[in-house]
Amino acid sequence: MDIDYIHKNYGIQMSETKTIDNYQCFYSNGLLYIVVPVHEQEQDEIVERYYMSKYLHKRGEKYIPRYVKRKDGYYISKWREQYFLLVKLTSWRNEPYRNTAKKLAYFHMRGSEFPQVNQLSRYGEWNTYWETRLEQLENFWRSLVYQKPENEFEKMFIESFPYYAGLTENAIQFYVDTLQDVQPSIQDVGTITHIRFRPETWSNHFVWKNPFEWVFDHPSRDLAEWSRHLYLEKPQTYTYQLQLYFQNYQSVYNLSPYFLRLLFSRLLFPLHYFECMEEYMVNRTNERSHFLKNKLKYFLENSEGYEYFLTTFFEKLQIPTRTYQIPPIEWLRK
């Protein structure tokens, strides 16, 4: 980012620069400024993220950035054909959180009174998103079936897609049945969540709450994605960390039957497989294709392990499925 541009448009004198979470950043007068690239179609979302940030900041949530206005009163700038937004942190954490589960639970509680949003809302709409993604991937699969696959990655995809399509249909059905059959508790409301909450989120040596990774959804979203990534990273040793995380989260935020069934439907949906394939569809450079091939190969070789993870998920958490009205997935038990 150009020093003169920042000074001219914001009246800020840049000093030390660095990169954090792939964002360009710089210090000025003890504050940390973060340059956030934005696209034109995201401008409605930017307004909602502004109000989310402002709301959580007022509720006492730490390490929330504030939007920075230009001298002319606008927030969005354009430099070298790229739109961007400048945000600032007045405080941040230079060591990982010791108990992210409790911190996440309090984050969900604070965000649960935030008003309903439009552009960033995913609450009650998972089946629609999953159906759309399944249809797109099925179209790509059909196009490859009728022509010769170009490489090993495409061969693996052609062979594996029917299995993952079936898993997706199970996830959609489980989710729809939950919406129809289970009464939400008083805590089963929409809140501020993350697009992808992973074990490393808030666990690095620089902790801040990034509003450009937020959506409005049910809190089970974050626990499901945390659990998925924990298993994929540590398929042999995840159990104790999973149990401890849920114990700590549940000490703050109640896990109702509705909560647990939504969480499980999200785990049933093979998001890791979809994201791998969707990236391949838009980025087929040799270097990236090699990385994605190895990633897909790992998922396929570990498919039985992931089934075991699903089958034993509630057992490992010592959650009685009958008490919590969680029906078994019959084909997983075979």
# chains A, B, ... in the order shown; residues from 1 in each chain; ligands from 1
>>> select_by_dssp(residues="region 50-243 of chain A", states="alpha helix (DSSP H)", output="PyMOL selection string")
chain A and resi 50-58+100-111+126-145+152-181+220-233+239-243
>>> residues_around(residues="Leu310 (chain A)", least_positions_apart="3", cutoff="9 Å", atoms="only C-alpha atoms", output="list in words")
Phe264, Leu267, Leu268, Gly305, Tyr306, Glu307, Phe313, Phe314 and Leu332 of chain A
>>> closest_residue(among="A:Val68, A:Tyr324, A:Phe212, A:Pro270", to="Glu42 (chain A)", atoms="only C-alpha atoms")
A:Phe212
>>> closest_residue(among="A:Gln82, A:Gln187, A:Asn286, A:Gln13", to="Tyr253 (chain A)", atoms="only C-alpha atoms")
A:Gln187
>>> closest_residue(among="A:Glu154, A:Glu16, A:Glu48, A:Glu330", to="Ser289 (chain A)", atoms="only C-alpha atoms")
A:Glu154
>>> closest_atom_pairs(of="region 2-103 of chain A", to="region 245-251 of chain A", cutoff="10 Å", atoms="only C-alpha atoms", output="tab-separated table")
residue	atom	partner	partner_atom	distance
A:Asn99	CA	A:Asn248	CA	7.9
A:Thr100	CA	A:Tyr245	CA	8.1
A:Ala101	CA	A:Tyr249	CA	4.8
A:Lys102	CA	A:Tyr249	CA	5.0
A:Lys103	CA	A:Tyr249	CA	8.2
>>> write_last_selection(atoms="all heavy atoms", output="mmCIF file, in the first residue's frame")
data_model
loop_
_atom_site.group_PDB
_atom_site.id
_atom_site.type_symbol
_atom_site.label_atom_id
_atom_site.label_comp_id
_atom_site.auth_asym_id
_atom_site.auth_seq_id
_atom_site.Cartn_x
_atom_site.Cartn_y
_atom_site.Cartn_z
ATOM 1 N N ASN A 99 -8.507 -21.008 26.278
ATOM 2 C CA ASN A 99 -9.764 -21.775 26.259
ATOM 3 C C ASN A 99 -10.685 -21.175 25.201
ATOM 4 O O ASN A 99 -11.576 -20.393 25.514
ATOM 5 C CB ASN A 99 -10.419 -21.743 27.640
ATOM 6 C CG ASN A 99 -11.545 -22.752 27.763
ATOM 7 O OD1 ASN A 99 -12.214 -23.078 26.781
ATOM 8 N ND2 ASN A 99 -11.763 -23.263 28.960
ATOM 9 N N THR A 100 -10.456 -21.557 23.959
ATOM 10 C CA THR A 100 -11.257 -20.969 22.881
ATOM 11 C C THR A 100 -12.711 -21.415 22.945
ATOM 12 O O THR A 100 -13.598 -20.710 22.462
ATOM 13 C CB THR A 100 -10.683 -21.317 21.495
ATOM 14 O OG1 THR A 100 -10.684 -22.737 21.316
ATOM 15 C CG2 THR A 100 -9.269 -20.785 21.337
ATOM 16 N N ALA A 101 -12.987 -22.584 23.550
ATOM 17 C CA ALA A 101 -14.365 -23.079 23.611
ATOM 18 C C ALA A 101 -15.251 -22.135 24.416
ATOM 19 O O ALA A 101 -16.344 -21.746 23.976
ATOM 20 C CB ALA A 101 -14.401 -24.481 24.207
ATOM 21 N N LYS A 102 -14.797 -21.740 25.586
ATOM 22 C CA LYS A 102 -15.582 -20.809 26.401
ATOM 23 C C LYS A 102 -15.656 -19.439 25.739
ATOM 24 O O LYS A 102 -16.699 -18.779 25.774
ATOM 25 C CB LYS A 102 -14.982 -20.701 27.803
ATOM 26 C CG LYS A 102 -15.263 -21.907 28.682
ATOM 27 C CD LYS A 102 -14.833 -21.650 30.117
ATOM 28 C CE LYS A 102 -15.190 -22.839 31.015
ATOM 29 N NZ LYS A 102 -14.801 -22.606 32.416
ATOM 30 N N LYS A 103 -14.546 -19.005 25.138
ATOM 31 C CA LYS A 103 -14.538 -17.707 24.448
ATOM 32 C C LYS A 103 -15.545 -17.725 23.301
ATOM 33 O O LYS A 103 -16.255 -16.738 23.070
ATOM 34 C CB LYS A 103 -13.141 -17.403 23.903
ATOM 35 C CG LYS A 103 -12.058 -17.271 24.971
ATOM 36 C CD LYS A 103 -12.262 -16.057 25.848
ATOM 37 C CE LYS A 103 -11.116 -15.877 26.825
ATOM 38 N NZ LYS A 103 -11.321 -14.753 27.767
#
>>> closest_residue(among="A:Ser256, A:Pro328, A:Pro184, A:Arg133", to="Thr311 (chain A)", atoms="only C-alpha atoms")
A:Pro328
>>> residues_around(residues="region 25-29 of chain A", least_positions_apart="5", cutoff="9 Å", atoms="only C-alpha atoms", output="list in words")
Met1, Ile12, Gln13, Met14, Ser15, Glu16, Thr17, Lys18, Thr19, Ile20, Ile34 and Val35 of chain A
>>> residues_around(residues="His39 (chain A)", least_positions_apart="6", cutoff="10 Å", atoms="only C-alpha atoms", output="number ranges by chain")
A: 46, 82-84
>>> write_last_selection(atoms="C-alpha atoms", output="mmCIF file, in the first residue's frame")
data_model
loop_
_atom_site.group_PDB
_atom_site.id
_atom_site.type_symbol
_atom_site.label_atom_id
_atom_site.label_comp_id
_atom_site.auth_asym_id
_atom_site.auth_seq_id
_atom_site.Cartn_x
_atom_site.Cartn_y
_atom_site.Cartn_z
ATOM 1 C CA ILE A 46 -19.755 -4.508 4.243
ATOM 2 C CA GLN A 82 -8.573 -2.666 -6.316
ATOM 3 C CA TYR A 83 -11.266 -1.578 -3.884
ATOM 4 C CA PHE A 84 -10.332 -1.804 -0.225
#
>>> residues_around(residues="Glu61 (chain A)", least_positions_apart="4", cutoff="8 Å", atoms="only C-alpha atoms", output="list of chain:residue names")
A:Leu56, A:His57, A:Phe107, A:Arg110
>>> atom_distance(atom1="CA of His205 (chain A)", atom2="CA of Thr90 (chain A)")
16.9 Å
>>> residues_around(residues="Phe299 (chain A)", least_positions_apart="4", cutoff="8 Å", atoms="only C-alpha atoms", output="PDB file with N, CA, C and O atoms, in the first residue's frame")
ATOM      1  N   TYR A 273     -14.834 -32.129   1.005  1.00  0.00           N
ATOM      2  CA  TYR A 273     -14.787 -32.658  -0.369  1.00  0.00           C
ATOM      3  C   TYR A 273     -15.248 -31.599  -1.364  1.00  0.00           C
ATOM      4  O   TYR A 273     -14.614 -31.384  -2.403  1.00  0.00           O
ATOM      5  N   LYS A 295      -4.703 -33.734  -1.627  1.00  0.00           N
ATOM      6  CA  LYS A 295      -5.760 -33.483  -0.641  1.00  0.00           C
ATOM      7  C   LYS A 295      -6.946 -34.405  -0.887  1.00  0.00           C
ATOM      8  O   LYS A 295      -7.475 -35.026   0.045  1.00  0.00           O
ATOM      9  N   SER A 303     -12.042 -42.064   3.887  1.00  0.00           N
ATOM     10  CA  SER A 303     -13.507 -41.977   3.906  1.00  0.00           C
ATOM     11  C   SER A 303     -14.120 -42.905   4.961  1.00  0.00           C
ATOM     12  O   SER A 303     -15.091 -42.523   5.637  1.00  0.00           O
TER      13      SER A 303
END
>>> atom_distance(atom1="CA of Leu300 (chain A)", atom2="CA of Ala224 (chain A)")
20.3 Å
>>> closest_atom_pairs(of="region 202-236 of chain A", to="region 118-124 of chain A", cutoff="10 Å", atoms="only C-alpha atoms", output="tab-separated table")
residue	atom	partner	partner_atom	distance
A:Trp214	CA	A:Leu120	CA	7.9
A:Val215	CA	A:Leu120	CA	5.1
A:Phe216	CA	A:Ser121	CA	4.6
A:Asp217	CA	A:Tyr123	CA	4.4
A:His218	CA	A:Tyr123	CA	5.9
A:Pro219	CA	A:Tyr123	CA	9.6
A:Arg221	CA	A:Tyr123	CA	9.6
>>> write_last_selection(atoms="N, CA and C atoms", output="short mmCIF file (atom, residue, chain, number, x, y, z; two decimals), in the first residue's frame")
data_model
loop_
_atom_site.label_atom_id
_atom_site.label_comp_id
_atom_site.auth_asym_id
_atom_site.auth_seq_id
_atom_site.Cartn_x
_atom_site.Cartn_y
_atom_site.Cartn_z
N TRP A 214 -17.29 -13.46 9.18
CA TRP A 214 -18.53 -13.72 9.92
C TRP A 214 -19.73 -13.90 9.01
N VAL A 215 -20.67 -14.71 9.48
CA VAL A 215 -22.02 -14.79 8.91
C VAL A 215 -23.00 -14.89 10.07
N PHE A 216 -24.27 -14.69 9.78
CA PHE A 216 -25.32 -14.80 10.79
C PHE A 216 -25.94 -16.19 10.66
N ASP A 217 -25.81 -17.01 11.71
CA ASP A 217 -26.25 -18.40 11.58
C ASP A 217 -26.47 -18.99 12.96
N HIS A 218 -26.84 -20.26 12.96
CA HIS A 218 -26.99 -20.98 14.23
C HIS A 218 -25.59 -21.29 14.77
N PRO A 219 -25.39 -21.20 16.10
CA PRO A 219 -24.05 -21.42 16.66
C PRO A 219 -23.48 -22.80 16.42
N ARG A 221 -23.02 -24.15 13.77
CA ARG A 221 -22.15 -24.06 12.59
C ARG A 221 -20.68 -24.06 13.00
#
>>> select_by_dssp(residues="region 81-146 of chain A", states="strand (DSSP E)", output="ChimeraX atom specification")
/A:82-89
>>> closest_residue(among="A:Gly60, A:Gly73, A:Pro37, A:Gly190", to="Glu125 (chain A)", atoms="only C-alpha atoms")
A:Gly190
